[in-house]
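Reproduced below: final.pdb, with PDB, C-alpha atoms (C1' of nucleotides).
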```
MODEL        1
ATOM      1  CA  MET A  11     157.400  80.718  -5.653
ATOM      2  CA  GLY A  12     155.066  77.962  -6.422
ATOM      3  CA  ARG A  13     152.908  77.572  -9.439
ATOM      4  CA  GLY A  14     151.493  81.044  -9.506
ATOM      5  CA  LYS A  15     152.396  84.543  -8.556
ATOM      6  CA  PHE A  16     150.716  85.731  -5.413
ATOM      7  CA  GLU A  17     149.247  89.018  -4.388
ATOM      8  CA  LEU A  18     150.192  90.403  -1.022
ATOM      9  CA  LYS A  19     146.756  90.271   0.515
ATOM     10  CA  ARG A  20     144.806  88.013   2.829
ATOM     11  CA  ILE A  21     144.075  84.625   1.282
ATOM     12  CA  GLU A  22     140.308  84.393   1.327
ATOM     13  CA  ASN A  23     139.932  80.636   1.083
ATOM     14  CA  SER A  24     140.221  79.460   4.659
ATOM     15  CA  SER A  25     141.678  76.107   3.839
ATOM     16  CA  ASN A  26     144.349  77.510   1.550
ATOM     17  CA  ARG A  27     145.122  80.133   4.157
ATOM     18  CA  GLN A  28     145.745  77.456   6.761
ATOM     19  CA  VAL A  29     147.938  75.396   4.484
ATOM     20  CA  THR A  30     149.940  78.412   3.412
ATOM     21  CA  TYR A  31     150.365  79.446   7.013
ATOM     22  CA  SER A  32     151.694  76.077   7.941
ATOM     23  CA  LYS A  33     154.152  75.969   5.055
ATOM     24  CA  ARG A  34     155.386  79.526   5.428
ATOM     25  CA  LYS A  35     155.642  79.140   9.184
ATOM     26  CA  ASN A  36     158.145  76.345   8.669
ATOM     27  CA  GLY A  37     159.950  78.438   6.105
ATOM     28  CA  ILE A  38     160.309  81.529   8.228
ATOM     29  CA  LEU A  39     161.308  79.560  11.316
ATOM     30  CA  LYS A  40     164.065  77.997   9.241
ATOM     31  CA  LYS A  41     165.167  81.432   7.991
ATOM     32  CA  ALA A  42     165.255  82.705  11.552
ATOM     33  CA  LYS A  43     167.463  79.848  12.601
ATOM     34  CA  GLU A  44     169.751  80.321   9.606
ATOM     35  CA  ILE A  45     170.345  84.025  10.071
ATOM     36  CA  SER A  46     171.002  83.594  13.768
ATOM     37  CA  ILE A  47     173.614  80.926  13.129
ATOM     38  CA  LEU A  48     175.194  82.238   9.930
ATOM     39  CA  CYS A  49     175.434  85.814  11.103
ATOM     40  CA  ASP A  50     175.739  85.299  14.818
ATOM     41  CA  SER A  51     172.726  87.482  15.506
ATOM     42  CA  GLN A  52     170.036  87.412  18.149
ATOM     43  CA  VAL A  53     166.598  86.623  16.881
ATOM     44  CA  SER A  54     163.193  86.427  18.452
ATOM     45  CA  LEU A  55     160.375  85.245  16.244
ATOM     46  CA  ILE A  56     156.925  84.569  17.633
ATOM     47  CA  LEU A  57     154.078  83.518  15.377
ATOM     48  CA  SER A  58     150.480  82.776  16.088
ATOM     49  CA  GLY A  59     147.971  81.594  13.562
ATOM     50  CA  GLU A  60     144.229  81.507  13.649
ATOM     51  CA  SER A  61     144.195  78.366  15.752
ATOM     52  CA  GLY A  62     145.845  80.442  18.457
ATOM     53  CA  LYS A  63     148.739  78.047  18.740
ATOM     54  CA  ILE A  64     152.106  79.694  19.182
ATOM     55  CA  HIS A  65     155.302  78.918  17.328
ATOM     56  CA  GLU A  66     158.600  80.517  18.139
ATOM     57  CA  TYR A  67     162.260  80.674  17.436
ATOM     58  CA  ILE A  68     164.587  82.338  19.893
ATOM     59  CA  SER A  69     168.260  82.221  19.029
ATOM     60  CA  PRO A  70     170.108  79.928  21.414
ATOM     61  CA  SER A  71     172.757  82.498  22.264
ATOM     62  CA  THR A  72     170.164  84.609  23.999
ATOM     63  CA  THR A  73     166.822  84.597  25.746
ATOM     64  CA  LEU A  74     163.601  86.318  24.886
ATOM     65  CA  ILE A  75     164.150  88.548  27.870
ATOM     66  CA  ASP A  76     167.539  89.634  26.562
ATOM     67  CA  VAL A  77     166.027  90.449  23.199
ATOM     68  CA  LEU A  78     163.247  92.415  24.814
ATOM     69  CA  ASP A  79     165.690  94.251  27.032
ATOM     70  CA  ARG A  80     167.647  95.301  24.002
ATOM     71  CA  TYR A  81     164.400  96.203  22.301
ATOM     72  CA  GLN A  82     163.351  98.399  25.176
ATOM     73  CA  ARG A  83     166.665 100.157  25.309
ATOM     74  CA  ALA A  84     166.816 100.644  21.555
ATOM     75  CA  THR A  85     163.277 101.874  21.100
ATOM     76  CA  GLY A  86     162.789 103.605  24.408
ATOM     77  CA  LYS A  87     159.503 101.766  24.870
ATOM     78  CA  THR A  88     158.978 100.238  28.261
ATOM     79  CA  LEU A  89     157.298  96.932  27.773
ATOM     80  CA  TRP A  90     156.775  96.008  31.374
ATOM     81  CA  ASN A  91     154.558  98.936  32.320
ATOM     82  CA  ALA A  92     152.639  98.615  29.112
ATOM     83  CA  GLU A  93     152.246  94.917  29.707
ATOM     84  CA  HIS A  94     150.907  95.514  33.176
ATOM     85  CA  GLU A  95     148.434  98.042  31.930
ATOM     86  CA  SER A  96     147.341  95.852  29.065
ATOM     87  CA  LEU A  97     146.656  92.958  31.413
ATOM     88  CA  SER A  98     144.665  95.132  33.775
ATOM     89  CA  ASN A  99     142.560  96.395  30.912
ATOM     90  CA  GLU A 100     141.911  92.894  29.703
ATOM     91  CA  ILE A 101     140.786  91.818  33.162
ATOM     92  CA  ASP A 102     138.350  94.715  33.297
ATOM     93  CA  ARG A 103     136.995  93.849  29.895
ATOM     94  CA  ILE A 104     136.535  90.155  30.660
ATOM     95  CA  LYS A 105     134.963  90.857  34.015
ATOM     96  CA  LYS A 106     132.394  93.057  32.346
ATOM     97  CA  GLU A 107     131.615  90.305  29.857
ATOM     98  CA  ASN A 108     131.303  87.970  32.771
ATOM     99  CA  GLU A 109     128.796  90.168  34.546
ATOM    100  CA  ASN A 110     126.685  90.516  31.448
ATOM    101  CA  MET A 111     126.562  86.788  30.989
ATOM    102  CA  GLU A 112     125.625  86.237  34.611
ATOM    103  CA  ILE A 113     122.682  88.572  34.219
ATOM    104  CA  GLU A 114     121.606  86.816  31.064
ATOM    105  CA  LEU A 115     121.893  83.442  32.747
ATOM    106  CA  ARG A 116     119.751  84.521  35.667
ATOM    107  CA  TYR A 117     117.040  85.635  33.290
ATOM    108  CA  LEU A 118     117.207  82.518  31.215
ATOM    109  CA  LYS A 119     116.998  80.243  34.205
ATOM    110  CA  GLY A 120     113.319  80.930  34.452
ATOM    111  CA  GLU A 121     112.966  84.143  36.285
ATOM    112  CA  ASN A 122     112.614  86.025  33.096
ATOM    113  CA  ILE A 123     112.590  84.692  29.580
ATOM    114  CA  THR A 124     110.972  87.605  27.870
ATOM    115  CA  SER A 125     114.324  88.331  26.304
ATOM    116  CA  LEU A 126     114.070  85.253  24.113
ATOM    117  CA  ASN A 127     112.659  85.590  20.637
ATOM    118  CA  PHE A 128     109.795  83.440  19.369
ATOM    119  CA  LYS A 129     111.926  80.832  17.697
ATOM    120  CA  GLU A 130     114.031  80.416  20.816
ATOM    121  CA  LEU A 131     110.922  80.051  22.946
ATOM    122  CA  MET A 132     109.508  77.354  20.679
ATOM    123  CA  ALA A 133     112.785  75.465  20.781
ATOM    124  CA  LEU A 134     112.794  75.735  24.539
ATOM    125  CA  GLU A 135     109.258  74.424  24.831
ATOM    126  CA  THR A 136     110.019  71.504  22.590
ATOM    127  CA  ALA A 137     113.053  70.687  24.656
ATOM    128  CA  LEU A 138     111.042  70.807  27.846
TER
ATOM    129  CA  MET B  13     170.342  80.327  -3.312
ATOM    130  CA  GLY B  14     173.299  82.183  -4.544
ATOM    131  CA  ARG B  15     176.232  80.801  -6.360
ATOM    132  CA  GLY B  16     177.215  78.225  -3.836
ATOM    133  CA  LYS B  17     175.648  75.940  -1.318
ATOM    134  CA  PHE B  18     176.106  77.079   2.241
ATOM    135  CA  GLU B  19     176.777  75.265   5.457
ATOM    136  CA  LEU B  20     174.662  76.114   8.426
ATOM    137  CA  LYS B  21     177.406  77.537  10.575
ATOM    138  CA  ARG B  22     178.755  80.913  11.521
ATOM    139  CA  ILE B  23     180.322  82.738   8.584
ATOM    140  CA  GLU B  24     183.871  83.367   9.680
ATOM    141  CA  ASN B  25     184.704  86.213   7.340
ATOM    142  CA  SER B  26     183.437  89.259   9.148
ATOM    143  CA  SER B  27     182.702  91.277   6.045
ATOM    144  CA  ASN B  28     180.742  88.464   4.396
ATOM    145  CA  ARG B  29     178.906  87.894   7.649
ATOM    146  CA  GLN B  30     177.785  91.520   7.711
ATOM    147  CA  VAL B  31     176.674  91.511   4.115
ATOM    148  CA  THR B  32     174.796  88.278   4.537
ATOM    149  CA  TYR B  33     173.141  89.609   7.668
ATOM    150  CA  SER B  34     171.978  92.700   5.887
ATOM    151  CA  LYS B  35     170.551  90.761   2.956
ATOM    152  CA  ARG B  36     168.888  88.039   4.989
ATOM    153  CA  LYS B  37     167.504  90.580   7.422
ATOM    154  CA  ASN B  38     165.628  92.197   4.556
ATOM    155  CA  GLY B  39     164.522  88.792   3.373
ATOM    156  CA  ILE B  40     163.139  87.591   6.671
ATOM    157  CA  LEU B  41     161.428  90.903   7.427
ATOM    158  CA  LYS B  42     159.690  90.586   4.076
ATOM    159  CA  LYS B  43     158.679  87.005   4.871
ATOM    160  CA  ALA B  44     157.302  88.098   8.218
ATOM    161  CA  LYS B  45     155.204  90.750   6.574
ATOM    162  CA  GLU B  46     153.980  88.330   3.935
ATOM    163  CA  ILE B  47     152.846  85.611   6.311
ATOM    164  CA  SER B  48     151.084  88.104   8.543
ATOM    165  CA  ILE B  49     149.124  89.549   5.635
ATOM    166  CA  LEU B  50     148.528  86.419   3.580
ATOM    167  CA  CYS B  51     147.519  84.275   6.514
ATOM    168  CA  ASP B  52     146.083  86.866   8.843
ATOM    169  CA  SER B  53     148.452  85.857  11.607
ATOM    170  CA  GLN B  54     150.135  87.756  14.383
ATOM    171  CA  VAL B  55     153.869  88.020  14.055
ATOM    172  CA  SER B  56     156.596  89.490  16.173
ATOM    173  CA  LEU B  57     160.095  89.428  14.765
ATOM    174  CA  ILE B  58     162.972  91.159  16.480
ATOM    175  CA  LEU B  59     166.478  90.957  15.089
ATOM    176  CA  SER B  60     169.709  92.342  16.313
ATOM    177  CA  GLY B  61     172.996  92.051  14.560
ATOM    178  CA  GLU B  62     176.508  92.588  15.754
ATOM    179  CA  SER B  63     176.237  96.322  15.442
ATOM    180  CA  GLY B  64     173.590  96.158  18.137
ATOM    181  CA  LYS B  65     171.040  97.881  15.986
ATOM    182  CA  ILE B  66     167.540  96.481  16.236
ATOM    183  CA  HIS B  67     165.219  95.662  13.399
ATOM    184  CA  GLU B  68     161.685  94.519  13.944
ATOM    185  CA  TYR B  69     158.440  93.582  12.319
ATOM    186  CA  ILE B  70     155.242  93.447  14.339
ATOM    187  CA  SER B  71     152.082  92.607  12.469
ATOM    188  CA  PRO B  72     149.799  95.638  12.270
ATOM    189  CA  SER B  73     146.797  93.784  13.656
ATOM    190  CA  THR B  74     148.501  93.432  17.005
ATOM    191  CA  THR B  75     151.108  94.846  19.326
ATOM    192  CA  LEU B  76     154.238  93.362  20.758
ATOM    193  CA  ILE B  77     152.480  93.343  24.098
ATOM    194  CA  ASP B  78     149.659  91.195  22.751
ATOM    195  CA  VAL B  79     152.068  88.771  21.189
ATOM    196  CA  LEU B  80     154.115  88.482  24.348
ATOM    197  CA  ASP B  81     151.020  88.083  26.428
ATOM    198  CA  ARG B  82     149.819  85.224  24.259
ATOM    199  CA  TYR B  83     153.309  83.806  24.330
ATOM    200  CA  GLN B  84     153.419  83.770  28.084
ATOM    201  CA  ARG B  85     149.998  82.251  28.482
ATOM    202  CA  ALA B  86     150.695  79.600  25.840
ATOM    203  CA  THR B  87     154.135  78.598  27.009
ATOM    204  CA  GLY B  88     153.643  79.101  30.703
ATOM    205  CA  LYS B  89     156.866  81.086  30.764
ATOM    206  CA  THR B  90     156.770  84.262  32.784
ATOM    207  CA  LEU B  91     158.689  87.070  31.207
ATOM    208  CA  TRP B  92     158.485  89.620  33.937
ATOM    209  CA  ASN B  93     157.580  88.935  37.517
ATOM    210  CA  ALA B  94     155.191  87.489  40.029
ATOM    211  CA  GLU B  95     152.714  90.282  39.717
ATOM    212  CA  HIS B  96     152.458  89.634  36.043
ATOM    213  CA  GLU B  97     151.930  85.982  36.762
ATOM    214  CA  SER B  98     149.097  86.596  39.145
ATOM    215  CA  LEU B  99     147.346  88.882  36.672
ATOM    216  CA  SER B 100     147.829  86.328  33.974
ATOM    217  CA  ASN B 101     146.402  83.583  36.158
ATOM    218  CA  GLU B 102     143.395  85.698  36.935
ATOM    219  CA  ILE B 103     142.768  86.195  33.233
ATOM    220  CA  ASP B 104     142.949  82.462  32.665
ATOM    221  CA  ARG B 105     140.528  81.838  35.490
ATOM    222  CA  ILE B 106     137.991  84.405  34.326
ATOM    223  CA  LYS B 107     138.233  83.241  30.752
ATOM    224  CA  LYS B 108     137.454  79.723  31.874
ATOM    225  CA  GLU B 109     134.417  80.983  33.778
ATOM    226  CA  ASN B 110     133.361  82.847  30.668
ATOM    227  CA  GLU B 111     133.647  79.752  28.549
ATOM    228  CA  ASN B 112     131.528  77.767  30.943
ATOM    229  CA  MET B 113     128.871  80.421  30.964
ATOM    230  CA  GLU B 114     128.898  80.611  27.200
ATOM    231  CA  ILE B 115     128.293  76.887  27.002
ATOM    232  CA  GLU B 116     125.488  77.122  29.516
ATOM    233  CA  LEU B 117     123.950  80.000  27.593
ATOM    234  CA  ARG B 118     124.033  78.069  24.355
ATOM    235  CA  TYR B 119     122.260  75.163  25.993
ATOM    236  CA  LEU B 120     119.683  77.375  27.628
ATOM    237  CA  LYS B 121     118.869  79.077  24.379
ATOM    238  CA  GLY B 122     116.939  75.992  23.448
ATOM    239  CA  GLU B 123     119.300  73.626  21.821
ATOM    240  CA  ASN B 124     119.847  71.501  24.861
ATOM    241  CA  ILE B 125     118.566  71.861  28.380
ATOM    242  CA  THR B 126     119.431  68.463  29.769
ATOM    243  CA  SER B 127     122.092  70.072  31.862
ATOM    244  CA  LEU B 128     119.549  71.873  34.007
ATOM    245  CA  ASN B 129     118.547  70.395  37.328
ATOM    246  CA  PHE B 130     114.937  69.682  38.285
ATOM    247  CA  LYS B 131     114.273  72.921  40.081
ATOM    248  CA  GLU B 132     115.651  74.944  37.208
ATOM    249  CA  LEU B 133     113.504  73.038  34.742
ATOM    250  CA  MET B 134     110.342  73.680  36.774
ATOM    251  CA  ALA B 135     111.128  77.360  36.946
ATOM    252  CA  LEU B 136     111.660  77.416  33.213
ATOM    253  CA  GLU B 137     108.350  75.657  32.512
ATOM    254  CA  THR B 138     106.463  78.057  34.748
ATOM    255  CA  ALA B 139     108.037  80.954  32.935
ATOM    256  CA  LEU B 140     107.067  79.542  29.580
TER
ATOM    257  C1'  DC C  10     147.293  68.434   9.510
ATOM    258  C1'  DC C  11     151.442  66.117   7.331
ATOM    259  C1'  DG C  12     154.229  64.499   3.524
ATOM    260  C1'  DC C  13     155.439  64.159  -1.297
ATOM    261  C1'  DC C  14     155.795  66.109  -6.001
ATOM    262  C1'  DT C  15     156.689  69.494  -9.654
ATOM    263  C1'  DA C  16     156.824  73.826 -11.942
ATOM    264  C1'  DT C  17     157.880  78.366 -10.941
ATOM    265  C1'  DA C  18     158.802  82.398  -8.266
ATOM    266  C1'  DT C  19     162.030  84.160  -5.019
ATOM    267  C1'  DA C  20     166.046  84.696  -2.283
ATOM    268  C1'  DT C  21     170.579  85.124  -2.145
ATOM    269  C1'  DA C  22     176.044  83.993  -2.632
ATOM    270  C1'  DA C  23     179.602  85.590  -5.151
ATOM    271  C1'  DT C  24     181.298  89.459  -7.375
ATOM    272  C1'  DA C  25     182.029  94.045  -8.878
ATOM    273  C1'  DA C  26     181.356  98.878  -8.467
TER
ATOM    274  C1'  DT D   8     177.820  99.789   3.803
ATOM    275  C1'  DT D   9     174.395  99.844  -0.259
ATOM    276  C1'  DT D  10     173.341  98.654  -5.262
ATOM    277  C1'  DA D  11     173.426  95.868  -9.333
ATOM    278  C1'  DT D  12     174.166  91.550 -11.778
ATOM    279  C1'  DT D  13     173.406  86.945 -12.446
ATOM    280  C1'  DA D  14     173.837  82.006 -11.680
ATOM    281  C1'  DT D  15     171.942  78.914  -8.552
ATOM    282  C1'  DA D  16     169.799  77.186  -4.458
ATOM    283  C1'  DT D  17     165.558  77.452  -2.027
ATOM    284  C1'  DA D  18     160.854  78.184  -0.973
ATOM    285  C1'  DT D  19     156.465  77.355  -1.991
ATOM    286  C1'  DA D  20     151.527  77.093  -4.592
ATOM    287  C1'  DG D  21     148.691  73.799  -6.094
ATOM    288  C1'  DG D  22     147.600  69.059  -6.387
ATOM    289  C1'  DC D  23     147.310  64.373  -4.479
ATOM    290  C1'  DG D  24     147.243  60.706  -0.861
TER
ENDMDL
END
```

Is it possible to express this structure as structure tokens?
Amino acid sequence: MGRGKFELKRIENSSNRQVTYSKRKNGILKKAKEISILCDSQVSLILSGESGKIHEYISPSTTLIDVLDRYQRATGKTLWNAEHESLSNEIDRIKKENENMEIELRYLKGENITSLNFKELMALETAL
Amino acid sequence: MGRGKFELKRIENSSNRQVTYSKRKNGILKKAKEISILCDSQVSLILSGESGKIHEYISPSTTLIDVLDRYQRATGKTLWNAEHESLSNEIDRIKKENENMEIELRYLKGENITSLNFKELMALETAL
DNA sequence: CCGCCTATATATAATAA
DNA sequence: TTTATTATATATAGGCG
């Protein structure tokens, strides 16, 4: 559609990518609504773009939990346990990041700045 | 599309409804794939028709778990239970701490040290 | 980012097999 | 239910404000 044919690959131009996302997001959300109403089907559509903002369509006749329940039964995958594990892993990962930053902060706050490179040191001196 | 305009309401003829579901299902799955690739976005699409069979598209860069996790954090809706909620809250809290530390680190690395208190500044000068 | 516009590319309703 | 055809309705890329 549109003025030119498109290739199915990531749009490199960031601005075009954003615009296309926004337009297609509206399009697919509309399609989701249409199929759920026309065909009396349950739909769960969750989108998130680079901004991190979430957009969703869940068919009114159901809830996301219903859809996921059906999903779990149909695929045999148990989401809850996996979810729990995934969250625990993320906490571990973030905590580690946290510790590293704390160490870096302690150094930077004057006890030890040997980790800074020359340019950073000059900038620091100027600022002081 | 198609030979006639359509009204956005349930298709009463069961056979037409099935056919339309099948066609539009393919269409929307294709759209989901396209937006995820073109725009580098995370997508979770789960469909179930009257037969009960499930069709899904989850963007390759992510997992359903990730999408749901983001969904829950963004919407504030808890999909599973209290334990999930407490883990999720902890992640939010730690991430906030991380952000604060990142900001502090950026400042300390020379661009801006006005946020430091007197004692910290003295320590920094001595170190320099 | 949102809305509007236009030329084109796609999706799909109706139909038949 | 799937596949093919084809006339039309939609979706949307690119451009502009």

### Task
Select, from B:Asp78, B:Glu19, B:Glu116, B:Glu24, the residue with the minimum atom-to-atom distance to A:Glu93, counting all atoms listed in the file.
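The shortest atom-to-atom distance to A:Glu93 comes from B:Asp78.
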
### Task
List the neighbours of stretch 8-10 of chain D out to 10 Å using only C-alpha atoms (C1' of nucleotides); skip same-chain residues closer than 2 positions along the sequence, and give me the result as a PyMOL selection string.
(chain B and resi 30-31+34) or (chain C and resi 26) or (chain D and resi 12)

### Query
Interatomic distance between atom CA of A:Ile21 and atom CA of A:Lys35?
15.0 Å

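This file, filtered with the PyMOL selection byres ((chain B) within 8 of (chain D)), gives the residues B:Met13, B:Gly14, B:Arg15, B:Gly16, B:Lys17.
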
### Task
Mind giving me the straight-line distance from atom CA of A:Thr73 to atom CA of B:Val55 in Å, one decimal?
17.8 Å

### Query
At what distance in Å, to one decimal, does atom CA of A:Ile47 lie from atom CA of A:Thr88?
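Computing the Euclidean distance for atom CA of A:Thr88 and atom CA of A:Ile47 yields 28.6 Å.
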